[in-house]
file entry-v6.txt (compact mmCIF, C-alpha atoms)
# COMPACT_ATOMS: atom_id res chain seq x y z
CA MET A 12 -25.94 -20.63 -57.22
CA LEU A 13 -25.75 -23.00 -54.28
CA PHE A 14 -25.41 -26.11 -56.43
CA ASN A 15 -22.27 -24.61 -58.00
CA GLU A 16 -20.81 -24.05 -54.53
CA VAL A 17 -21.40 -27.69 -53.69
CA CYS A 18 -19.75 -28.73 -56.96
CA ASP A 19 -16.72 -26.55 -56.19
CA TRP A 20 -16.51 -28.19 -52.76
CA ILE A 21 -16.39 -31.62 -54.38
CA ALA A 22 -14.06 -30.80 -57.29
CA PRO A 23 -12.44 -27.36 -56.82
CA LYS A 24 -11.13 -25.91 -60.05
CA GLY A 25 -7.37 -25.66 -60.38
CA GLU A 26 -6.59 -27.99 -57.45
CA LEU A 27 -7.26 -31.66 -58.22
CA PHE A 28 -5.74 -32.12 -61.68
CA THR A 29 -2.90 -29.59 -61.75
CA LYS A 30 -0.20 -32.29 -62.03
CA ASP A 31 -2.02 -34.41 -64.62
CA THR A 32 -1.73 -34.24 -68.40
CA PHE A 33 -4.58 -34.79 -70.84
CA HIS A 34 -4.84 -35.03 -74.60
CA GLY A 35 -4.17 -31.73 -76.34
CA ASN A 36 -7.40 -31.71 -78.37
CA ILE A 37 -9.87 -32.01 -75.52
CA LYS A 38 -12.39 -29.20 -75.14
CA TRP A 39 -13.53 -30.06 -71.61
CA LEU A 40 -12.09 -29.30 -68.21
CA PRO A 41 -11.48 -32.31 -65.93
CA GLU A 42 -13.27 -30.70 -62.96
CA GLU A 43 -16.37 -29.93 -65.03
CA LEU A 44 -16.30 -33.38 -66.63
CA ALA A 45 -16.21 -34.94 -63.14
CA ILE A 46 -19.24 -32.89 -62.08
CA GLN A 47 -20.98 -33.84 -65.31
CA ALA A 48 -20.33 -37.54 -64.60
CA LEU A 49 -21.72 -37.19 -61.07
CA ILE A 50 -24.88 -35.48 -62.32
CA TRP A 51 -25.25 -38.20 -64.97
CA SER A 52 -24.97 -40.90 -62.30
CA TRP A 53 -27.57 -39.18 -60.10
CA GLN A 54 -30.23 -39.30 -62.83
CA ASN A 55 -32.97 -41.92 -62.66
CA GLN A 56 -33.77 -42.30 -66.37
CA LYS A 57 -33.99 -45.84 -67.69
CA ASN A 58 -31.59 -45.30 -70.61
CA VAL A 59 -28.08 -43.91 -70.25
CA THR A 60 -28.53 -41.67 -73.30
CA ASP A 61 -31.69 -40.13 -71.83
CA ALA A 62 -29.79 -39.55 -68.59
CA PHE A 63 -27.06 -37.79 -70.59
CA ASP A 64 -29.59 -35.51 -72.30
CA GLN A 65 -31.01 -34.56 -68.90
CA THR A 66 -27.47 -34.01 -67.62
CA MET A 67 -26.72 -31.57 -70.45
CA GLU A 68 -29.78 -29.50 -69.48
CA VAL A 69 -28.64 -29.39 -65.84
CA CYS A 70 -25.07 -28.43 -66.84
CA GLU A 71 -26.43 -25.64 -69.04
CA ASP A 72 -28.51 -24.27 -66.17
CA LEU A 73 -25.45 -24.43 -63.89
CA GLY A 74 -23.33 -22.53 -66.42
CA LEU A 75 -20.86 -25.37 -67.05
CA GLN A 76 -19.47 -24.63 -70.51
CA CYS A 77 -16.42 -26.91 -70.72
CA THR A 78 -18.14 -30.31 -70.63
CA ALA A 79 -18.40 -33.18 -73.08
CA LYS A 80 -21.00 -32.29 -75.70
CA THR A 81 -21.88 -35.76 -76.99
CA TYR A 82 -22.54 -39.06 -75.25
CA THR A 83 -19.79 -40.79 -77.22
CA ALA A 84 -17.16 -38.21 -76.29
CA PHE A 85 -18.36 -38.29 -72.68
CA MET A 86 -18.04 -42.06 -72.30
CA ASN A 87 -14.74 -42.19 -74.19
CA ALA A 88 -13.28 -39.61 -71.80
CA LEU A 89 -14.49 -41.52 -68.72
CA ASP A 90 -13.06 -44.75 -70.11
CA ARG A 91 -9.69 -43.32 -71.16
CA TYR A 92 -8.99 -41.41 -67.92
CA GLU A 93 -10.75 -43.81 -65.55
CA SER A 94 -7.73 -44.50 -63.31
CA LEU A 95 -6.79 -40.82 -63.12
CA PHE A 96 -10.28 -39.67 -62.10
CA ALA A 97 -10.57 -42.54 -59.66
CA THR A 98 -7.32 -41.66 -57.90
CA ARG A 99 -7.89 -37.92 -57.61
CA LEU A 100 -11.54 -38.08 -56.58
CA ARG A 101 -10.89 -40.89 -54.11
CA GLN A 102 -8.22 -38.81 -52.39
CA ARG A 103 -10.53 -35.79 -52.37
CA HIS A 104 -13.46 -37.81 -51.00
CA GLN A 105 -11.35 -39.34 -48.23
CA SER A 106 -9.95 -35.98 -47.12
CA LEU A 107 -13.43 -34.42 -47.08
CA ALA A 108 -14.76 -37.39 -45.10
CA GLN A 109 -12.09 -36.82 -42.46
CA GLN A 110 -12.94 -33.10 -42.28
CA VAL A 111 -16.68 -33.69 -42.07
CA GLY A 112 -16.55 -36.76 -39.81
CA GLY A 113 -15.63 -35.00 -36.59
CA ARG A 114 -16.20 -37.24 -33.60
CA PHE A 115 -17.44 -40.03 -35.90
CA TRP A 116 -14.09 -40.29 -37.67
CA ARG A 117 -12.70 -42.59 -34.96
CA SER A 118 -14.35 -45.00 -32.57
CA ALA A 119 -12.34 -45.55 -29.37
CA ASP A 120 -9.18 -44.40 -31.18
CA TRP A 121 -9.82 -46.79 -34.11
CA VAL A 122 -10.62 -45.93 -37.73
CA LEU A 123 -13.02 -48.74 -38.62
CA ILE A 124 -12.87 -50.01 -42.21
CA GLY A 125 -15.04 -52.96 -43.23
CA PHE A 126 -14.79 -54.86 -46.49
CA ASP A 127 -17.01 -57.21 -48.45
CA GLY A 128 -17.88 -58.14 -52.02
CA SER A 129 -20.95 -58.39 -54.25
CA ARG A 130 -21.88 -58.81 -57.91
CA VAL A 131 -23.74 -56.54 -60.34
CA THR A 132 -25.31 -57.88 -63.55
CA VAL A 133 -24.58 -56.41 -66.99
CA PRO A 134 -26.41 -56.89 -70.32
CA ARG A 135 -25.78 -60.17 -72.08
CA THR A 136 -23.71 -58.98 -75.03
CA VAL A 137 -20.73 -60.61 -76.71
CA ALA A 138 -18.35 -57.99 -75.33
CA ASN A 139 -19.67 -58.33 -71.78
CA GLU A 140 -19.65 -62.13 -71.84
CA LYS A 141 -16.05 -62.13 -73.06
CA ALA A 142 -14.93 -59.56 -70.49
CA PHE A 143 -16.78 -60.68 -67.35
CA CYS A 144 -17.80 -64.35 -67.59
CA ALA A 145 -15.55 -67.06 -66.19
CA PRO A 146 -14.02 -68.89 -69.20
CA ASN A 147 -14.21 -72.32 -67.54
CA TYR A 148 -17.59 -71.87 -65.85
CA GLY A 149 -19.27 -75.22 -65.04
CA ARG A 150 -16.32 -77.28 -66.25
CA GLY A 151 -13.95 -76.94 -63.30
CA VAL A 152 -13.02 -79.66 -60.84
CA ARG A 153 -15.24 -78.29 -58.08
CA ALA A 154 -18.24 -77.90 -60.41
CA LYS A 155 -17.94 -81.50 -61.64
CA TYR A 156 -17.59 -82.73 -58.07
CA GLY A 157 -20.75 -80.86 -57.01
CA LYS A 158 -22.76 -82.29 -59.89
CA LYS A 159 -21.59 -85.79 -59.02
CA LYS A 160 -22.53 -85.43 -55.34
CA SER A 161 -26.02 -84.04 -56.04
CA LYS A 162 -26.87 -86.23 -59.00
CA GLY A 163 -29.40 -88.37 -57.15
CA MET A 164 -31.10 -85.40 -55.47
CA ARG A 165 -31.64 -83.21 -58.54
CA ARG A 166 -35.03 -83.19 -60.20
CA LYS A 167 -35.32 -84.00 -63.87
CA ARG A 168 -34.43 -81.38 -66.42
CA ASN A 169 -37.26 -79.14 -67.52
CA GLN A 170 -37.21 -79.35 -71.30
CA LYS A 171 -39.28 -76.18 -71.69
CA ASN A 172 -36.95 -74.10 -69.50
CA LYS A 173 -33.50 -75.34 -70.37
CA PRO A 174 -30.55 -74.05 -68.31
CA GLN A 175 -29.09 -70.85 -69.70
CA PRO A 176 -25.38 -70.01 -69.95
CA GLN A 177 -23.68 -67.93 -67.30
CA GLU A 178 -24.91 -64.34 -66.98
CA PRO A 179 -22.12 -61.71 -67.22
CA GLN A 180 -21.52 -59.93 -63.93
CA ILE A 181 -19.04 -57.45 -62.44
CA TRP A 182 -17.55 -58.21 -59.04
CA VAL A 183 -17.41 -55.27 -56.61
CA THR A 184 -15.12 -55.39 -53.58
CA MET A 185 -15.71 -52.38 -51.33
CA MET A 186 -13.96 -50.95 -48.30
CA TRP A 187 -16.46 -49.05 -46.18
CA HIS A 188 -15.98 -46.59 -43.31
CA MET A 189 -18.06 -48.20 -40.58
CA SER A 190 -18.49 -45.15 -38.31
CA LEU A 191 -19.38 -42.65 -41.05
CA ARG A 192 -21.16 -45.34 -43.12
CA LEU A 193 -19.47 -44.16 -46.31
CA PRO A 194 -17.75 -46.06 -49.15
CA TRP A 195 -14.01 -45.58 -48.70
CA THR A 196 -12.50 -47.29 -51.76
CA TRP A 197 -13.40 -50.16 -54.08
CA ARG A 198 -12.18 -52.43 -56.88
CA LEU A 199 -14.04 -53.90 -59.85
CA GLY A 200 -13.38 -57.14 -61.71
CA ARG A 201 -14.90 -60.00 -63.65
CA SER A 202 -17.43 -62.36 -62.08
CA ASN A 203 -14.82 -64.87 -60.85
CA SER A 204 -12.56 -62.28 -59.22
CA SER A 205 -11.13 -62.87 -55.76
CA GLU A 206 -12.39 -60.46 -53.12
CA ARG A 207 -9.39 -61.29 -50.96
CA GLY A 208 -7.14 -60.50 -53.92
CA HIS A 209 -8.90 -57.15 -54.36
CA VAL A 210 -8.35 -56.31 -50.68
CA VAL A 211 -4.65 -57.19 -50.91
CA GLU A 212 -4.40 -55.00 -54.03
CA MET A 213 -6.01 -52.02 -52.27
CA LEU A 214 -3.75 -52.48 -49.25
CA GLY A 215 -0.66 -52.40 -51.46
CA GLU A 216 -1.65 -49.45 -53.66
CA GLU A 217 -3.33 -47.08 -51.20
CA THR A 218 -2.55 -45.51 -47.86
CA PHE A 219 -4.83 -45.77 -44.83
CA PRO A 220 -5.12 -43.72 -41.63
CA GLU A 221 -3.12 -44.57 -38.57
CA LYS A 222 -4.66 -47.17 -36.24
CA THR A 223 -7.02 -48.59 -38.83
CA LEU A 224 -8.97 -51.70 -37.83
CA PHE A 225 -10.11 -53.75 -40.83
CA CYS A 226 -13.24 -55.84 -40.22
CA GLY A 227 -14.30 -58.74 -42.41
CA ASP A 228 -16.60 -61.74 -42.47
CA ALA A 229 -15.67 -65.42 -42.52
CA GLY A 230 -14.48 -65.37 -46.15
CA PHE A 231 -11.52 -63.09 -45.46
CA VAL A 232 -9.09 -65.58 -43.99
CA GLY A 233 -5.57 -66.71 -44.77
CA TYR A 234 -1.96 -65.81 -44.15
CA PRO A 235 -1.51 -63.68 -47.34
CA LEU A 236 -4.43 -61.38 -46.50
CA TRP A 237 -3.64 -61.02 -42.81
CA SER A 238 0.06 -60.41 -43.41
CA ALA A 239 -0.80 -57.74 -46.02
CA ILE A 240 -3.00 -55.93 -43.48
CA LEU A 241 -0.24 -55.98 -40.87
CA ALA A 242 2.33 -54.86 -43.46
CA ALA A 243 0.11 -51.86 -44.29
CA GLY A 244 0.26 -50.79 -40.64
CA GLY A 245 -3.26 -51.82 -39.68
CA ASP A 246 -4.95 -54.45 -37.56
CA PHE A 247 -7.83 -56.76 -38.40
CA LEU A 248 -10.91 -58.37 -36.90
CA VAL A 249 -12.50 -61.28 -38.75
CA ARG A 250 -15.10 -63.89 -37.92
CA VAL A 251 -13.88 -67.45 -38.00
CA GLY A 252 -16.95 -68.94 -36.31
CA ALA A 253 -16.91 -72.70 -36.73
CA ASN A 254 -13.65 -71.92 -38.40
CA VAL A 255 -11.07 -73.96 -36.60
CA LYS A 256 -11.45 -76.48 -39.42
CA LEU A 257 -11.49 -73.72 -42.03
CA LEU A 258 -8.33 -72.20 -40.62
CA SER A 259 -6.66 -75.59 -40.44
CA GLU A 260 -7.15 -75.94 -44.17
CA HIS A 261 -5.12 -72.80 -44.78
CA ALA A 262 -2.81 -72.68 -41.79
CA ASP A 263 -1.50 -74.53 -38.78
CA ILE A 264 -3.02 -73.15 -35.59
CA GLU A 265 -1.35 -73.77 -32.26
CA GLN A 266 -3.49 -72.90 -29.26
CA LEU A 267 -1.62 -70.90 -26.62
CA SER A 268 -2.62 -69.55 -23.22
CA GLY A 269 -4.99 -66.56 -22.96
CA GLY A 270 -6.62 -67.12 -26.35
CA ARG A 271 -3.35 -66.54 -28.23
CA VAL A 272 -2.86 -68.48 -31.45
CA TRP A 273 -0.20 -68.71 -34.11
CA CYS A 274 -0.92 -68.70 -37.82
CA TRP A 275 2.05 -70.27 -39.59
CA PRO A 276 1.39 -72.30 -42.74
CA LYS A 277 3.90 -74.97 -43.63
CA GLY A 278 4.82 -73.21 -46.85
CA ARG A 279 5.55 -69.99 -45.00
CA MET A 280 7.44 -71.91 -42.34
CA GLU A 281 9.73 -73.46 -44.93
CA SER A 282 10.30 -70.14 -46.71
CA GLY A 283 11.34 -68.46 -43.46
CA ASP A 284 8.36 -66.10 -43.05
CA PRO A 285 7.53 -65.31 -39.41
CA PRO A 286 4.32 -66.59 -37.77
CA LEU A 287 1.34 -64.32 -37.17
CA LYS A 288 0.56 -63.99 -33.47
CA LEU A 289 -3.20 -63.54 -33.10
CA ARG A 290 -5.96 -63.62 -30.47
CA LEU A 291 -8.94 -65.96 -30.72
CA VAL A 292 -12.05 -64.89 -28.77
CA LYS A 293 -15.42 -66.62 -28.42
CA VAL A 294 -18.34 -64.16 -28.44
CA LYS A 295 -22.11 -64.27 -28.55
CA VAL A 296 -23.86 -62.02 -31.07
CA GLY A 297 -27.58 -62.19 -30.40
CA LYS A 298 -28.30 -65.89 -29.94
CA THR A 299 -25.39 -67.03 -32.08
CA LYS A 300 -22.04 -68.06 -30.67
CA MET A 301 -19.04 -67.46 -32.90
CA TRP A 302 -15.27 -67.08 -32.89
CA MET A 303 -13.53 -63.79 -33.63
CA LEU A 304 -9.88 -63.58 -34.65
CA THR A 305 -7.92 -60.34 -34.24
CA SER A 306 -4.35 -59.15 -34.47
CA VAL A 307 -4.84 -56.85 -31.44
CA LEU A 308 -3.29 -58.96 -28.69
CA ASN A 309 -3.98 -56.53 -25.85
CA ALA A 310 -7.53 -57.11 -24.58
CA ARG A 311 -7.64 -53.58 -23.12
CA LYS A 312 -7.17 -51.96 -26.53
CA LEU A 313 -9.90 -54.09 -28.10
CA THR A 314 -12.29 -55.35 -25.45
CA HIS A 315 -14.87 -58.11 -25.64
CA LYS A 316 -17.75 -55.62 -25.97
CA GLN A 317 -15.95 -53.74 -28.72
CA LEU A 318 -15.47 -56.95 -30.69
CA ILE A 319 -19.21 -57.55 -30.70
CA ARG A 320 -20.12 -53.92 -31.45
CA TYR A 321 -17.66 -53.59 -34.33
CA TYR A 322 -18.77 -56.83 -35.92
CA LYS A 323 -22.40 -55.67 -35.77
CA MET A 324 -21.40 -52.36 -37.37
CA ARG A 325 -19.76 -54.22 -40.26
CA TRP A 326 -23.18 -55.44 -41.38
CA GLY A 327 -23.91 -51.93 -42.68
CA ILE A 328 -21.88 -52.62 -45.80
CA GLU A 329 -24.59 -55.07 -46.85
CA VAL A 330 -27.08 -52.19 -46.59
CA GLU A 331 -24.72 -50.11 -48.74
CA PHE A 332 -24.80 -52.74 -51.47
CA ARG A 333 -28.58 -52.82 -51.20
CA GLY A 334 -28.67 -49.04 -51.70
CA LEU A 335 -26.48 -49.36 -54.80
CA LYS A 336 -28.64 -52.05 -56.37
CA GLN A 337 -32.12 -50.85 -55.38
CA THR A 338 -32.03 -47.14 -54.49
CA ILE A 339 -29.50 -46.20 -57.19
CA ASP A 340 -31.05 -48.93 -59.38
CA LYS A 341 -27.78 -50.56 -60.44
CA ARG A 342 -28.77 -54.19 -59.91
CA LYS A 343 -28.38 -54.46 -63.68
CA LEU A 344 -26.34 -51.94 -65.63
CA ARG A 345 -27.40 -50.38 -68.92
CA CYS A 346 -24.19 -50.08 -70.95
CA ARG A 347 -23.67 -52.87 -73.47
CA ASN A 348 -19.95 -52.28 -73.92
CA SER A 349 -17.63 -53.80 -71.30
CA ASN A 350 -15.46 -50.70 -70.79
CA ARG A 351 -18.47 -48.41 -70.57
CA ALA A 352 -20.19 -50.79 -68.15
CA MET A 353 -17.17 -50.60 -65.85
CA ALA A 354 -17.25 -46.79 -66.06
CA GLU A 355 -21.00 -46.74 -65.37
CA LEU A 356 -20.63 -48.85 -62.23
CA ASP A 357 -17.52 -47.02 -61.00
CA TRP A 358 -19.17 -43.60 -61.27
CA SER A 359 -22.42 -44.91 -59.75
CA ILE A 360 -20.58 -45.97 -56.59
CA ARG A 361 -18.68 -42.67 -56.52
CA ALA A 362 -21.87 -40.64 -56.98
CA MET A 363 -23.54 -42.57 -54.17
CA ALA A 364 -20.57 -41.97 -51.85
CA ILE A 365 -20.45 -38.24 -52.59
CA ALA A 366 -24.21 -37.84 -52.18
CA GLU A 367 -24.02 -39.48 -48.75
CA LEU A 368 -21.06 -37.27 -47.84
CA MET A 369 -23.03 -34.14 -48.79
CA ALA A 370 -25.92 -35.22 -46.55
CA LEU A 371 -23.53 -36.09 -43.73
CA ARG A 372 -21.93 -32.64 -43.89
CA GLU A 373 -25.28 -30.98 -43.29
CA GLN A 374 -26.61 -33.40 -40.71
CA ILE A 375 -23.69 -33.55 -38.28
CA PRO A 376 -23.53 -29.79 -37.45
CA ASN A 377 -27.32 -29.68 -37.34
CA GLN A 378 -27.53 -32.41 -34.70
CA GLN A 379 -24.61 -31.04 -32.69
CA ASP A 380 -26.50 -27.81 -32.09
CA ALA A 381 -26.69 -27.09 -28.36
CA THR A 382 -30.40 -26.35 -28.58
CA LYS A 383 -31.14 -29.90 -29.73
CA GLN A 384 -30.88 -32.79 -27.35
CA VAL A 385 -31.24 -35.52 -29.97
CA GLU A 386 -28.06 -37.55 -30.36
CA TYR A 387 -27.19 -37.99 -34.02
CA ASP A 388 -26.10 -41.32 -35.48
CA PRO A 389 -24.97 -41.68 -39.13
CA LYS A 390 -27.23 -44.74 -39.22
CA GLN A 391 -30.15 -42.28 -39.39
CA ARG A 392 -29.05 -40.97 -42.78
CA SER A 393 -31.33 -42.06 -45.63
CA LEU A 394 -29.84 -42.65 -49.06
CA ALA A 395 -33.28 -42.70 -50.69
CA ASN A 396 -34.25 -39.30 -49.29
CA THR A 397 -30.84 -37.89 -50.19
CA MET A 398 -31.27 -38.96 -53.82
CA ARG A 399 -34.80 -37.55 -53.88
CA CYS A 400 -33.44 -34.23 -52.64
CA LEU A 401 -30.69 -34.05 -55.28
CA ARG A 402 -32.98 -35.05 -58.13
CA ARG A 403 -35.62 -32.56 -57.02
CA CYS A 404 -33.02 -29.80 -56.91
CA MET A 405 -31.69 -30.68 -60.37
CA ARG A 406 -35.22 -30.52 -61.81
CA ARG A 407 -35.90 -27.08 -60.29
CA LEU A 408 -32.55 -25.35 -59.85
CA ASP A 409 -34.16 -21.92 -59.80
CA LYS A 410 -36.44 -22.86 -56.89
CA TYR A 411 -34.41 -25.21 -54.69
CA CYS A 412 -30.85 -23.99 -55.27
CA SER A 413 -31.21 -20.22 -55.39
CA THR A 414 -31.09 -19.97 -51.59
CA SER A 415 -29.29 -22.09 -49.06
CA ASP A 416 -32.40 -22.83 -47.01
CA ASN A 417 -34.18 -25.06 -49.52
CA MET A 418 -31.42 -27.43 -50.58
CA LEU A 419 -29.47 -27.59 -47.35
CA ASN A 420 -32.58 -28.08 -45.24
CA SER A 421 -33.66 -30.91 -47.51
CA LEU A 422 -30.28 -32.59 -47.03
CA ARG A 423 -30.49 -32.12 -43.25
CA GLN A 424 -33.91 -33.76 -43.23
CA SER A 425 -32.81 -36.73 -45.38
CA LEU A 426 -33.22 -39.15 -42.49
CA VAL A 427 -34.91 -42.50 -42.06
CA GLN A 428 -38.39 -42.58 -40.59
CA SER A 429 -38.45 -41.90 -36.86
CA TYR A 430 -42.09 -42.70 -36.13
CA GLN A 431 -43.29 -46.02 -34.78
CA ALA A 432 -45.21 -47.97 -37.41
CA GLY A 433 -48.70 -49.01 -36.29
CA THR A 434 -48.60 -52.39 -38.02
CA ASP A 435 -45.90 -54.63 -39.34
CA LYS A 436 -44.99 -54.82 -43.01
CA LYS A 437 -45.66 -58.50 -43.52
CA ALA A 438 -47.66 -59.55 -46.55
CA ARG A 439 -51.28 -60.46 -45.92
CA TYR A 440 -50.65 -63.87 -47.45
CA ARG A 441 -47.76 -66.20 -48.21
CA ARG A 442 -47.56 -68.03 -51.49
CA LYS A 443 -47.16 -71.77 -51.25
CA ASN A 444 -43.70 -73.18 -51.64
CA PRO A 445 -43.81 -75.77 -54.45
call {"tool": "encode", "arguments": {"input": "entry-v6.txt", "output": "C-alpha cells"}}
result
Amino acid sequence: MLFNEVCDWIAPKGELFTKDTFHGNIKWLPEELAIQALIWSWQNQKNVTDAFDQTMEVCEDLGLQCTAKTYTAFMNALDRYESLFATRLRQRHQSLAQQVGGRFWRSADWVLIGFDGSRVTVPRTVANEKAFCAPNYGRGVRAKYGKKKSKGMRRKRNQKNKPQPQEPQIWVTMMWHMSLRLPWTWRLGRSNSSERGHVVEMLGEETFPEKTLFCGDAGFVGYPLWSAILAAGGDFLVRVGANVKLLSEHADIEQLSGGRVWCWPKGRMESGDPPLKLRLVKVKVGKTKMWMLTSVLNARKLTHKQLIRYYKMRWGIEVEFRGLKQTIDKRKLRCRNSNRAMAELDWSIRAMAIAELMALREQIPNQQDATKQVEYDPKQRSLANTMRCLRRCMRRLDKYCSTSDNMLNSLRQSLVQSYQAGTDKKARYRRKNP
C-alpha cells in the first residue's frame, strides 16, 4: 500500500533506532510507534482519546501490528522516550529535507534559518499551572512598575468580571528553514521561558549546515546570543530598527567607517572576551525604514537587496505558527497532564513538519517538469490542503492509497488558490469600538 511506503520513507525499519535501548517489556516497535504518533497528530477529532481510537483503526488497516494498544501505554511511551524520538526523527527530517530541497536548499550559497517564539495555551489544571505558569507572575519589579505608571489611566475594576489568574501556556521557540518553509528544530518550555535562551541551547546541542545564516527579529539581540551563533560556525542577520538605544542597553557600540560597528559589553571587556565586529545597514522595507545588523562584513557576500529579501522571507515563520494554531487546531491543547501536554504539542509540530515535507517532495519534481513553464515557489504550498489530503486518505485507504495516482496527485495539488478573487474579503460591517 502506498501509505506504508510513505511511512517507511519517514521512519525506515531497522535504521533509526538500531543504537538505542528500550525497556525489555515493551511490545511495540519504535518505528511503528512513531508512525502511530504521527497518525494520531494528523487526526482532527476534538478529544485525544477519540483521535487515538481513530488512529488504531488506521493502523489496523495499514497492517501495523507492533503499536501501543491502549491510550495510557501510548502516552506513557511518548513521554518516557520523548528526547530519543525527538533526536532521531529530527535528524531524519533534516536529512530528508536536504535531499528533497534541491535548488531551494540554499539561497545564494546561504542556508537560511529563521527563529521566533510563540505561546500555546493548555487546560487550566493544577498540574499544568504548576508546570507552566510563572511562579511570580504579577508580583515582579517590572509588573509593579507598570501598574504604578498606568494607575491613573486604567478604568475602574469590573466587579462582575474580576481579573482571572494567569492562564497556563507552553512557550515554543522554533527554527524554520526559510527557503523550504519547513520547521527545522524547536524547543518547548514554560510560559516565562527565554526565546533567546532556547536559541542558544539549540545552537550548543545541535549541528547546522555550513554557511548558515540565522535571521531574527528585534528581540534576538545581545552579545551572548550573537557570540553563540558565531561559535556554532554560522552568521546572523537581525533587525535592530530604532535599536541604537536598545543595543546601548546591552552593549557598547562604537561606530566605525563603512557601517562597521563593535559590540563589546563592559562585562565582556573586563573578562577578556573579544569584541564582535558587525555591520550596521539602514534599509527600507516597504514604507518602513529600519536598521539591520549582520555579522557578514563583506557587502558582496550579503548585499543590500539580499538583506531586504531575507528579512521579508523570515516573516513566513509567523504563518507557520498560524498554521499550527488554526489549521492543526493547537491554539489550545487537550491533554490535562503537563507531561502529556508537552508530548501532544511536540508531536503536533513534528507531524505538521513531516506533512509539509511530504507535499514538498511531490510538488518540486512536478513543477520542474520541462513541459511546464510555471516556476514553483514553496510559498505556494498549502498546509490546509495537505492536511485535507492526508485525512481523506486515512479515511479511505482502500480508495486513495491503493494506487499512486490518487494520493500523490492530491499532494501535488495541495497548493494555495491561484485565481484572482472577484471581491475583497472585508466584512460588510464593522462593529463599533467601545
call {"tool": "atom_distance", "arguments": {"input": "entry-v6.txt", "atom1": "CA of Thr83 in chain A", "atom2": "CA of Leu344 in chain A"}}
result
17.4 Å
call {"tool": "closest_residue", "arguments": {"input": "entry-v6.txt", "among": "A:Leu426, A:Leu193, A:Ile124, A:Leu13", "to": "Ile240 in chain A", "atoms": "only C-alpha atoms"}}
result
A:Ile124
call {"tool": "residues_around", "arguments": {"input": "entry-v6.txt", "residues": "Arg407 in chain A", "least_positions_apart": "6", "cutoff": "12 Å", "atoms": "all atoms listed in the file", "output": "list in words"}}
result
Phe14, Glu68, Val69, Asp72, Leu73, Cys400, Leu401, Ser413, Asn417 and Met418 of chain A
call {"tool": "residues_around", "arguments": {"input": "entry-v6.txt", "residues": "range 334-338 of chain A", "least_positions_apart": "5", "cutoff": "8 Å", "atoms": "all atoms listed in the file", "output": "PDB file with C-alpha atoms, in the frame of the given file"}}
result
ATOM      1  CA  VAL A 131     -23.740 -56.540 -60.340  1.00  0.00           C
ATOM      2  CA  LYS A 343     -28.380 -54.460 -63.680  1.00  0.00           C
ATOM      3  CA  SER A 359     -22.420 -44.910 -59.750  1.00  0.00           C
ATOM      4  CA  ILE A 360     -20.580 -45.970 -56.590  1.00  0.00           C
ATOM      5  CA  MET A 363     -23.540 -42.570 -54.170  1.00  0.00           C
ATOM      6  CA  LEU A 394     -29.840 -42.650 -49.060  1.00  0.00           C
ATOM      7  CA  ALA A 395     -33.280 -42.700 -50.690  1.00  0.00           C
TER       8      ALA A 395
END
call {"tool": "residues_around", "arguments": {"input": "entry-v6.txt", "residues": "Leu291 in chain A", "least_positions_apart": "6", "cutoff": "9 Å", "atoms": "only C-alpha atoms", "output": "short mmCIF file (atom, residue, chain, number, x, y, z; two decimals) with C-alpha atoms, in the frame of the given file"}}
result
data_model
loop_
_atom_site.label_atom_id
_atom_site.label_comp_id
_atom_site.auth_asym_id
_atom_site.auth_seq_id
_atom_site.Cartn_x
_atom_site.Cartn_y
_atom_site.Cartn_z
CA VAL A 251 -13.88 -67.45 -38.00
CA GLN A 266 -3.49 -72.90 -29.26
CA GLY A 269 -4.99 -66.56 -22.96
CA GLY A 270 -6.62 -67.12 -26.35
CA ARG A 271 -3.35 -66.54 -28.23
CA VAL A 272 -2.86 -68.48 -31.45
CA TRP A 302 -15.27 -67.08 -32.89
CA MET A 303 -13.53 -63.79 -33.63
CA LEU A 304 -9.88 -63.58 -34.65
CA THR A 305 -7.92 -60.34 -34.24
#
call {"tool": "residues_around", "arguments": {"input": "entry-v6.txt", "residues": "Asp90 in chain A", "least_positions_apart": "6", "cutoff": "8 Å", "atoms": "all atoms listed in the file", "output": "list in words"}}
result
Asn350, Arg351 and Ala354 of chain A
call {"tool": "atom_distance", "arguments": {"input": "entry-v6.txt", "atom1": "CA of Trp275 in chain A", "atom2": "CA of Pro235 in chain A"}}
result
10.8 Å
call {"tool": "closest_residue", "arguments": {"input": "entry-v6.txt", "among": "A:Asp64, A:Asp409, A:Asp246, A:Glu26", "to": "Phe85 in chain A", "atoms": "only C-alpha atoms"}}
result
A:Asp64
call {"tool": "closest_residue", "arguments": {"input": "entry-v6.txt", "among": "A:Asn36, A:Asn348, A:Asn420, A:Gln391", "to": "Glu373 in chain A", "atoms": "only C-alpha atoms"}}
result
A:Asn420
call {"tool": "closest_residue", "arguments": {"input": "entry-v6.txt", "among": "A:Val296, A:Arg347, A:Gln102, A:Glu281", "to": "Arg361 in chain A", "atoms": "only C-alpha atoms"}}
result
A:Gln102
call {"tool": "atom_distance", "arguments": {"input": "entry-v6.txt", "atom1": "CA of Ser202 in chain A", "atom2": "CA of Gln180 in chain A"}}
result
5.1 Å
call {"tool": "closest_residue", "arguments": {"input": "entry-v6.txt", "among": "A:Ser94, A:Asn15, A:Gln424, A:Gln56", "to": "Glu71 in chain A", "atoms": "only C-alpha atoms"}}
result
A:Asn15
